[in-house]
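Asker: Structure file query06.pdb (PDB, N, CA and C atoms) right here:
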```pdb
MODEL        1
ATOM      1  N   MET A   1       0.830  -1.164   0.000
ATOM      2  CA  MET A   1       0.000   0.000   0.000
ATOM      3  C   MET A   1       0.887   1.243   0.000
ATOM      4  N   THR A   2       0.445   2.241  -0.708
ATOM      5  CA  THR A   2       1.200   3.485  -0.708
ATOM      6  C   THR A   2       0.825   4.307   0.510
ATOM      7  N   THR A   3       1.512   5.386   0.742
ATOM      8  CA  THR A   3       1.269   6.184   1.939
ATOM      9  C   THR A   3      -0.024   6.976   1.888
ATOM     10  N   LEU A   4      -0.461   7.401   0.711
ATOM     11  CA  LEU A   4      -1.691   8.202   0.625
ATOM     12  C   LEU A   4      -2.923   7.418   1.078
ATOM     13  N   PRO A   5      -3.162   6.199   0.593
ATOM     14  CA  PRO A   5      -4.311   5.447   1.103
ATOM     15  C   PRO A   5      -4.219   5.158   2.593
ATOM     16  N   ARG A   6      -2.999   4.939   3.102
ATOM     17  CA  ARG A   6      -2.841   4.693   4.541
ATOM     18  C   ARG A   6      -3.219   5.934   5.344
ATOM     19  N   LEU A   7      -2.841   7.096   4.847
ATOM     20  CA  LEU A   7      -3.192   8.337   5.534
ATOM     21  C   LEU A   7      -4.703   8.575   5.511
ATOM     22  N   LEU A   8      -5.342   8.249   4.382
ATOM     23  CA  LEU A   8      -6.805   8.414   4.298
ATOM     24  C   LEU A   8      -7.522   7.484   5.269
ATOM     25  N   VAL A   9      -7.068   6.245   5.366
ATOM     26  CA  VAL A   9      -7.684   5.285   6.292
ATOM     27  C   VAL A   9      -7.478   5.753   7.724
ATOM     28  N   ALA A  10      -6.288   6.249   8.041
ATOM     29  CA  ALA A  10      -6.005   6.729   9.394
ATOM     30  C   ALA A  10      -6.849   7.960   9.712
ATOM     31  N   ALA A  11      -7.027   8.842   8.733
ATOM     32  CA  ALA A  11      -7.839  10.040   8.963
ATOM     33  C   ALA A  11      -9.294   9.670   9.196
ATOM     34  N   CYS A  12      -9.811   8.679   8.469
ATOM     35  CA  CYS A  12     -11.205   8.246   8.657
ATOM     36  C   CYS A  12     -11.405   7.605  10.028
ATOM     37  N   LEU A  13     -10.418   6.888  10.510
ATOM     38  CA  LEU A  13     -10.535   6.253  11.812
ATOM     39  C   LEU A  13     -10.473   7.258  12.948
ATOM     40  N   CYS A  14      -9.855   8.420  12.701
ATOM     41  CA  CYS A  14      -9.736   9.440  13.734
ATOM     42  C   CYS A  14     -10.963  10.333  13.831
ATOM     43  N   LEU A  15     -11.877  10.258  12.848
ATOM     44  CA  LEU A  15     -13.083  11.081  12.891
ATOM     45  C   LEU A  15     -13.948  10.678  14.081
ATOM     46  N   PRO A  16     -14.670  11.615  14.635
ATOM     47  CA  PRO A  16     -15.538  11.250  15.770
ATOM     48  C   PRO A  16     -16.640  10.283  15.324
ATOM     49  N   ALA A  17     -17.054   9.431  16.248
ATOM     50  CA  ALA A  17     -18.067   8.419  15.931
ATOM     51  C   ALA A  17     -19.436   9.045  15.712
ATOM     52  N   THR A  18     -19.702  10.160  16.343
ATOM     53  CA  THR A  18     -20.984  10.823  16.161
ATOM     54  C   THR A  18     -20.751  12.216  15.616
ATOM     55  N   LEU A  19     -21.659  12.640  14.798
ATOM     56  CA  LEU A  19     -21.592  13.974  14.236
ATOM     57  C   LEU A  19     -22.662  14.841  14.896
ATOM     58  N   PRO A  20     -22.425  16.128  15.037
ATOM     59  CA  PRO A  20     -23.439  16.978  15.666
ATOM     60  C   PRO A  20     -24.668  17.100  14.768
ATOM     61  N   ALA A  21     -25.825  17.093  15.375
ATOM     62  CA  ALA A  21     -27.083  17.222  14.640
ATOM     63  C   ALA A  21     -27.729  18.549  14.983
ATOM     64  N   GLN A  22     -28.838  18.810  14.340
ATOM     65  CA  GLN A  22     -29.567  20.034  14.650
ATOM     66  C   GLN A  22     -30.179  19.924  16.039
ATOM     67  N   THR A  23     -30.268  21.043  16.690
ATOM     68  CA  THR A  23     -30.883  21.049  18.015
ATOM     69  C   THR A  23     -32.281  21.633  17.911
ATOM     70  N   ALA A  24     -33.156  21.188  18.775
ATOM     71  CA  ALA A  24     -34.529  21.683  18.782
ATOM     72  C   ALA A  24     -34.544  23.095  19.343
ATOM     73  N   PRO A  25     -35.415  23.959  18.818
ATOM     74  CA  PRO A  25     -35.486  25.307  19.371
ATOM     75  C   PRO A  25     -36.041  25.278  20.792
ATOM     76  N   ALA A  26     -35.626  26.234  21.571
ATOM     77  CA  ALA A  26     -36.086  26.321  22.953
ATOM     78  C   ALA A  26     -37.572  26.681  22.968
ATOM     79  N   PRO A  27     -38.355  26.072  23.861
ATOM     80  CA  PRO A  27     -39.784  26.393  23.909
ATOM     81  C   PRO A  27     -39.997  27.841  24.355
ATOM     82  N   ARG A  28     -40.951  28.490  23.698
ATOM     83  CA  ARG A  28     -41.259  29.874  24.057
ATOM     84  C   ARG A  28     -42.269  29.889  25.196
ATOM     85  N   PRO A  29     -42.163  30.827  26.079
ATOM     86  CA  PRO A  29     -43.142  30.909  27.173
ATOM     87  C   PRO A  29     -44.504  31.307  26.618
ATOM     88  N   PRO A  30     -45.579  30.810  27.216
ATOM     89  CA  PRO A  30     -46.912  31.158  26.723
ATOM     90  C   PRO A  30     -47.175  32.654  26.907
ATOM     91  N   THR A  31     -47.842  33.226  25.936
ATOM     92  CA  THR A  31     -48.170  34.645  26.014
ATOM     93  C   THR A  31     -49.548  34.819  26.633
ATOM     94  N   ALA A  32     -49.851  36.034  26.995
ATOM     95  CA  ALA A  32     -51.147  36.322  27.623
ATOM     96  C   ALA A  32     -52.289  36.106  26.640
ATOM     97  N   THR A  33     -52.084  36.402  25.362
ATOM     98  CA  THR A  33     -53.160  36.225  24.389
ATOM     99  C   THR A  33     -53.451  34.752  24.162
ATOM    100  N   ALA A  34     -52.424  33.892  24.198
ATOM    101  CA  ALA A  34     -52.650  32.464  24.020
ATOM    102  C   ALA A  34     -53.427  31.896  25.211
ATOM    103  N   ALA A  35     -53.120  32.356  26.402
ATOM    104  CA  ALA A  35     -53.834  31.869  27.582
ATOM    105  C   ALA A  35     -55.282  32.337  27.563
ATOM    106  N   ALA A  36     -55.524  33.575  27.110
ATOM    107  CA  ALA A  36     -56.886  34.093  27.051
ATOM    108  C   ALA A  36     -57.697  33.367  25.986
ATOM    109  N   ALA A  37     -57.063  32.985  24.878
ATOM    110  CA  ALA A  37     -57.772  32.293  23.803
ATOM    111  C   ALA A  37     -58.204  30.898  24.243
ATOM    112  N   ASP A  38     -57.452  30.278  25.141
ATOM    113  CA  ASP A  38     -57.806  28.945  25.610
ATOM    114  C   ASP A  38     -59.039  28.963  26.514
ATOM    115  N   ASP A  39     -59.326  30.086  27.142
ATOM    116  CA  ASP A  39     -60.452  30.169  28.067
ATOM    117  C   ASP A  39     -61.788  30.398  27.360
ATOM    118  N   VAL A  40     -61.756  30.821  26.105
ATOM    119  CA  VAL A  40     -62.990  31.129  25.382
ATOM    120  C   VAL A  40     -63.547  29.841  24.782
ATOM    121  N   PRO A  41     -64.814  29.509  25.064
ATOM    122  CA  PRO A  41     -65.384  28.291  24.485
ATOM    123  C   PRO A  41     -65.623  28.462  22.983
ATOM    124  N   VAL A  42     -65.517  27.380  22.267
ATOM    125  CA  VAL A  42     -65.739  27.381  20.825
ATOM    126  C   VAL A  42     -67.212  27.113  20.576
ATOM    127  N   THR A  43     -67.843  27.974  19.783
ATOM    128  CA  THR A  43     -69.253  27.808  19.454
ATOM    129  C   THR A  43     -69.363  27.266  18.041
ATOM    130  N   LEU A  44     -69.988  26.103  17.894
ATOM    131  CA  LEU A  44     -70.170  25.490  16.592
ATOM    132  C   LEU A  44     -71.537  25.852  16.033
ATOM    133  N   SER A  45     -71.601  25.948  14.719
ATOM    134  CA  SER A  45     -72.894  26.241  14.099
ATOM    135  C   SER A  45     -73.762  24.984  14.152
ATOM    136  N   PRO A  46     -75.074  25.136  14.351
ATOM    137  CA  PRO A  46     -75.944  23.957  14.424
ATOM    138  C   PRO A  46     -76.089  23.292  13.057
ATOM    139  N   PHE A  47     -76.329  22.005  13.073
ATOM    140  CA  PHE A  47     -76.558  21.273  11.833
ATOM    141  C   PHE A  47     -77.724  20.323  12.023
ATOM    142  N   VAL A  48     -78.322  19.934  10.924
ATOM    143  CA  VAL A  48     -79.500  19.072  10.962
ATOM    144  C   VAL A  48     -79.210  17.826  10.132
ATOM    145  N   VAL A  49     -79.525  16.677  10.676
ATOM    146  CA  VAL A  49     -79.387  15.423   9.953
ATOM    147  C   VAL A  49     -80.765  15.021   9.463
ATOM    148  N   GLU A  50     -80.896  14.885   8.137
ATOM    149  CA  GLU A  50     -82.179  14.497   7.557
ATOM    150  C   GLU A  50     -82.047  13.126   6.899
ATOM    151  N   GLU A  51     -83.099  12.364   6.972
ATOM    152  CA  GLU A  51     -83.095  11.013   6.438
ATOM    153  C   GLU A  51     -83.898  10.913   5.146
ATOM    154  N   ALA A  52     -84.414  11.996   4.656
ATOM    155  CA  ALA A  52     -85.327  11.968   3.519
ATOM    156  C   ALA A  52     -84.716  11.312   2.277
ATOM    157  N   GLN A  53     -83.503  11.695   1.891
ATOM    158  CA  GLN A  53     -82.895  11.159   0.677
ATOM    159  C   GLN A  53     -81.772  10.164   0.955
ATOM    160  N   ASP A  54     -81.406   9.962   2.205
ATOM    161  CA  ASP A  54     -80.305   9.085   2.526
ATOM    162  C   ASP A  54     -80.734   7.632   2.460
ATOM    163  N   ARG A  55     -80.056   6.858   1.611
ATOM    164  CA  ARG A  55     -80.346   5.432   1.495
ATOM    165  C   ARG A  55     -79.115   4.609   1.863
ATOM    166  N   GLY A  56     -78.171   5.221   2.593
ATOM    167  CA  GLY A  56     -76.961   4.509   2.984
ATOM    168  C   GLY A  56     -76.095   4.217   1.777
ATOM    169  N   TYR A  57     -75.632   2.990   1.675
ATOM    170  CA  TYR A  57     -74.797   2.596   0.552
ATOM    171  C   TYR A  57     -75.617   2.023  -0.599
ATOM    172  N   ALA A  58     -76.919   2.002  -0.459
ATOM    173  CA  ALA A  58     -77.767   1.412  -1.492
ATOM    174  C   ALA A  58     -77.892   2.352  -2.681
ATOM    175  N   ALA A  59     -77.567   1.837  -3.865
ATOM    176  CA  ALA A  59     -77.741   2.602  -5.098
ATOM    177  C   ALA A  59     -79.089   2.230  -5.698
ATOM    178  N   THR A  60     -79.720   3.179  -6.350
ATOM    179  CA  THR A  60     -81.043   2.913  -6.919
ATOM    180  C   THR A  60     -81.040   2.876  -8.428
ATOM    181  N   SER A  61     -79.955   3.377  -9.051
ATOM    182  CA  SER A  61     -79.899   3.370 -10.511
ATOM    183  C   SER A  61     -78.488   3.064 -10.972
ATOM    184  N   THR A  62     -78.360   2.756 -12.272
ATOM    185  CA  THR A  62     -77.076   2.374 -12.830
ATOM    186  C   THR A  62     -76.920   2.897 -14.242
ATOM    187  N   LEU A  63     -75.684   3.027 -14.682
ATOM    188  CA  LEU A  63     -75.361   3.344 -16.070
ATOM    189  C   LEU A  63     -74.686   2.149 -16.730
ATOM    190  N   ALA A  64     -74.591   1.012 -16.035
ATOM    191  CA  ALA A  64     -73.916  -0.176 -16.549
ATOM    192  C   ALA A  64     -74.679  -0.757 -17.728
ATOM    193  N   GLY A  65     -73.963  -1.082 -18.778
ATOM    194  CA  GLY A  65     -74.574  -1.721 -19.944
ATOM    195  C   GLY A  65     -75.074  -0.740 -20.973
ATOM    196  N   THR A  66     -75.574   0.386 -20.553
ATOM    197  CA  THR A  66     -76.066   1.405 -21.486
ATOM    198  C   THR A  66     -75.610   2.761 -20.989
ATOM    199  N   ARG A  67     -75.814   3.766 -21.782
ATOM    200  CA  ARG A  67     -75.492   5.126 -21.348
ATOM    201  C   ARG A  67     -76.726   5.815 -20.767
ATOM    202  N   LEU A  68     -77.788   5.073 -20.597
ATOM    203  CA  LEU A  68     -79.016   5.634 -20.035
ATOM    204  C   LEU A  68     -79.118   5.239 -18.572
ATOM    205  N   ARG A  69     -79.549   6.167 -17.751
ATOM    206  CA  ARG A  69     -79.750   5.863 -16.336
ATOM    207  C   ARG A  69     -80.972   4.942 -16.216
ATOM    208  N   THR A  70     -80.739   3.786 -15.602
ATOM    209  CA  THR A  70     -81.780   2.777 -15.481
ATOM    210  C   THR A  70     -81.922   2.395 -14.018
ATOM    211  N   ASP A  71     -83.144   2.245 -13.546
ATOM    212  CA  ASP A  71     -83.360   1.771 -12.180
ATOM    213  C   ASP A  71     -82.843   0.342 -12.056
ATOM    214  N   LEU A  72     -82.239   0.030 -10.909
ATOM    215  CA  LEU A  72     -81.686  -1.309 -10.715
ATOM    216  C   LEU A  72     -82.757  -2.383 -10.760
ATOM    217  N   ARG A  73     -83.943  -2.055 -10.357
ATOM    218  CA  ARG A  73     -85.016  -3.064 -10.379
ATOM    219  C   ARG A  73     -85.419  -3.428 -11.800
ATOM    220  N   ASP A  74     -85.067  -2.596 -12.799
ATOM    221  CA  ASP A  74     -85.417  -2.867 -14.192
ATOM    222  C   ASP A  74     -84.291  -3.555 -14.968
ATOM    223  N   VAL A  75     -83.148  -3.766 -14.344
ATOM    224  CA  VAL A  75     -82.024  -4.421 -15.015
ATOM    225  C   VAL A  75     -82.212  -5.920 -14.926
ATOM    226  N   GLY A  76     -82.000  -6.623 -16.047
ATOM    227  CA  GLY A  76     -82.247  -8.063 -16.096
ATOM    228  C   GLY A  76     -81.056  -8.914 -15.706
ATOM    229  N   ALA A  77     -80.037  -8.360 -15.095
ATOM    230  CA  ALA A  77     -78.854  -9.131 -14.704
ATOM    231  C   ALA A  77     -78.520  -8.848 -13.242
ATOM    232  N   ALA A  78     -77.779  -9.770 -12.652
ATOM    233  CA  ALA A  78     -77.342  -9.569 -11.268
ATOM    234  C   ALA A  78     -76.172  -8.582 -11.264
ATOM    235  N   ILE A  79     -76.291  -7.529 -10.463
ATOM    236  CA  ILE A  79     -75.263  -6.500 -10.392
ATOM    237  C   ILE A  79     -74.904  -6.279  -8.932
ATOM    238  N   SER A  80     -73.621  -6.242  -8.657
ATOM    239  CA  SER A  80     -73.143  -5.873  -7.323
ATOM    240  C   SER A  80     -72.720  -4.414  -7.395
ATOM    241  N   VAL A  81     -73.404  -3.570  -6.649
ATOM    242  CA  VAL A  81     -73.161  -2.135  -6.715
ATOM    243  C   VAL A  81     -72.241  -1.727  -5.567
ATOM    244  N   VAL A  82     -71.195  -0.969  -5.909
ATOM    245  CA  VAL A  82     -70.290  -0.391  -4.916
ATOM    246  C   VAL A  82     -70.316   1.110  -5.151
ATOM    247  N   THR A  83     -70.836   1.846  -4.192
ATOM    248  CA  THR A  83     -70.972   3.292  -4.361
ATOM    249  C   THR A  83     -69.664   4.007  -3.998
ATOM    250  N   SER A  84     -69.533   5.227  -4.488
ATOM    251  CA  SER A  84     -68.329   6.007  -4.199
ATOM    252  C   SER A  84     -68.240   6.332  -2.706
ATOM    253  N   GLN A  85     -69.367   6.538  -2.048
ATOM    254  CA  GLN A  85     -69.353   6.811  -0.609
ATOM    255  C   GLN A  85     -68.837   5.606   0.174
ATOM    256  N   PHE A  86     -69.205   4.400  -0.260
ATOM    257  CA  PHE A  86     -68.700   3.183   0.378
ATOM    258  C   PHE A  86     -67.184   3.093   0.227
ATOM    259  N   LEU A  87     -66.672   3.407  -0.976
ATOM    260  CA  LEU A  87     -65.232   3.367  -1.209
ATOM    261  C   LEU A  87     -64.503   4.382  -0.338
ATOM    262  N   LEU A  88     -65.066   5.580  -0.190
ATOM    263  CA  LEU A  88     -64.450   6.599   0.654
ATOM    264  C   LEU A  88     -64.456   6.185   2.118
ATOM    265  N   ASP A  89     -65.577   5.654   2.596
ATOM    266  CA  ASP A  89     -65.702   5.283   4.008
ATOM    267  C   ASP A  89     -64.791   4.120   4.390
ATOM    268  N   THR A  90     -64.570   3.198   3.475
ATOM    269  CA  THR A  90     -63.725   2.044   3.778
ATOM    270  C   THR A  90     -62.274   2.259   3.397
ATOM    271  N   GLY A  91     -61.977   3.359   2.694
ATOM    272  CA  GLY A  91     -60.609   3.632   2.260
ATOM    273  C   GLY A  91     -60.138   2.679   1.178
ATOM    274  N   SER A  92     -61.066   2.141   0.409
ATOM    275  CA  SER A  92     -60.722   1.182  -0.631
ATOM    276  C   SER A  92     -60.234   1.894  -1.885
ATOM    277  N   THR A  93     -59.214   1.319  -2.515
ATOM    278  CA  THR A  93     -58.693   1.872  -3.767
ATOM    279  C   THR A  93     -58.802   0.891  -4.916
ATOM    280  N   ASN A  94     -59.135  -0.363  -4.617
ATOM    281  CA  ASN A  94     -59.300  -1.355  -5.685
ATOM    282  C   ASN A  94     -60.321  -2.403  -5.230
ATOM    283  N   ALA A  95     -60.618  -3.332  -6.137
ATOM    284  CA  ALA A  95     -61.646  -4.340  -5.853
ATOM    285  C   ALA A  95     -61.259  -5.244  -4.692
ATOM    286  N   ARG A  96     -59.997  -5.548  -4.541
ATOM    287  CA  ARG A  96     -59.545  -6.416  -3.448
ATOM    288  C   ARG A  96     -59.820  -5.758  -2.089
ATOM    289  N   ASP A  97     -59.633  -4.440  -2.008
ATOM    290  CA  ASP A  97     -59.850  -3.733  -0.741
ATOM    291  C   ASP A  97     -61.301  -3.774  -0.305
ATOM    292  N   PHE A  98     -62.238  -3.505  -1.208
ATOM    293  CA  PHE A  98     -63.627  -3.440  -0.762
ATOM    294  C   PHE A  98     -64.274  -4.802  -0.635
ATOM    295  N   LEU A  99     -63.683  -5.836  -1.236
ATOM    296  CA  LEU A  99     -64.221  -7.180  -1.043
ATOM    297  C   LEU A  99     -63.794  -7.722   0.305
TER     298      LEU A  99
ENDMDL
END
```
In structure tokens, write the structure found in this file.

Answerer:
Amino acid sequence: MTTLPRLLVAACLCLPATLPAQTAPAPRPPTATAAAADDVPVTLSPFVVEEAQDRGYAATSTLAGTRLRTDLRDVGAAISVVTSQFLLDTGSTNARDFL
């Protein structure tokens, strides 16, 4: 071995085992406005839940087979319907997920 590679190996072995990392900033003391904001209750706007049009995950019509909207009761084949709301609620992205 020549002297240059030996010096490089020796220099690498002399490096510290740990390197300094970033330090977290010091926590700031709470201000008076932050403490006052915590004491104020949050008022939410009222909402109403209506059941008139909600059918859960049940679909009532389809575009399968034709480009015309057809009621499922008028379709002559067995169809398994998976609605977009069902996919969102279950977090499904493909057929394997929702099955």

Asker: List the spatial neighbours of Thr83 in chain A as a list in words - criterion: any atom at most 7 Å away, only C-alpha atoms, same-chain residues fewer than 2 positions off excluded.

Answerer: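 Using only C-alpha atoms, the neighbours found are Tyr57, Ala59, Val81, Gln85, Phe86 and Leu87 of chain A.
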
Asker: Give me the residues within 7 Å of Asp71 in chain A as a ChimeraX atom specification, counting all atoms listed in the file and dropping any in the same chain fewer than 6 places off.

Answerer: /A:60-62

Asker: Find the distance between atom C of Ala77 in chain A and atom N of Ala58 in chain A and write it in Å to one decimal.

Answerer: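 Atom N of Ala58 in chain A lies 16.8 Å from atom C of Ala77 in chain A.
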
Asker: May I ask for the distance between CA of Ala78 in chain A and CA of Ala52 in chain A, given in Å to one decimal place?

Answerer: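 One can read the CA of Ala78 in chain A to CA of Ala52 in chain A distance as 27.3 Å.
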
Asker: Would you compute the distance between atom C of Leu88 in chain A and atom N of Val49 in chain A? Give it in Å to one decimal.

Answerer: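 Atom C of Leu88 in chain A sits 20.3 Å away from atom N of Val49 in chain A.
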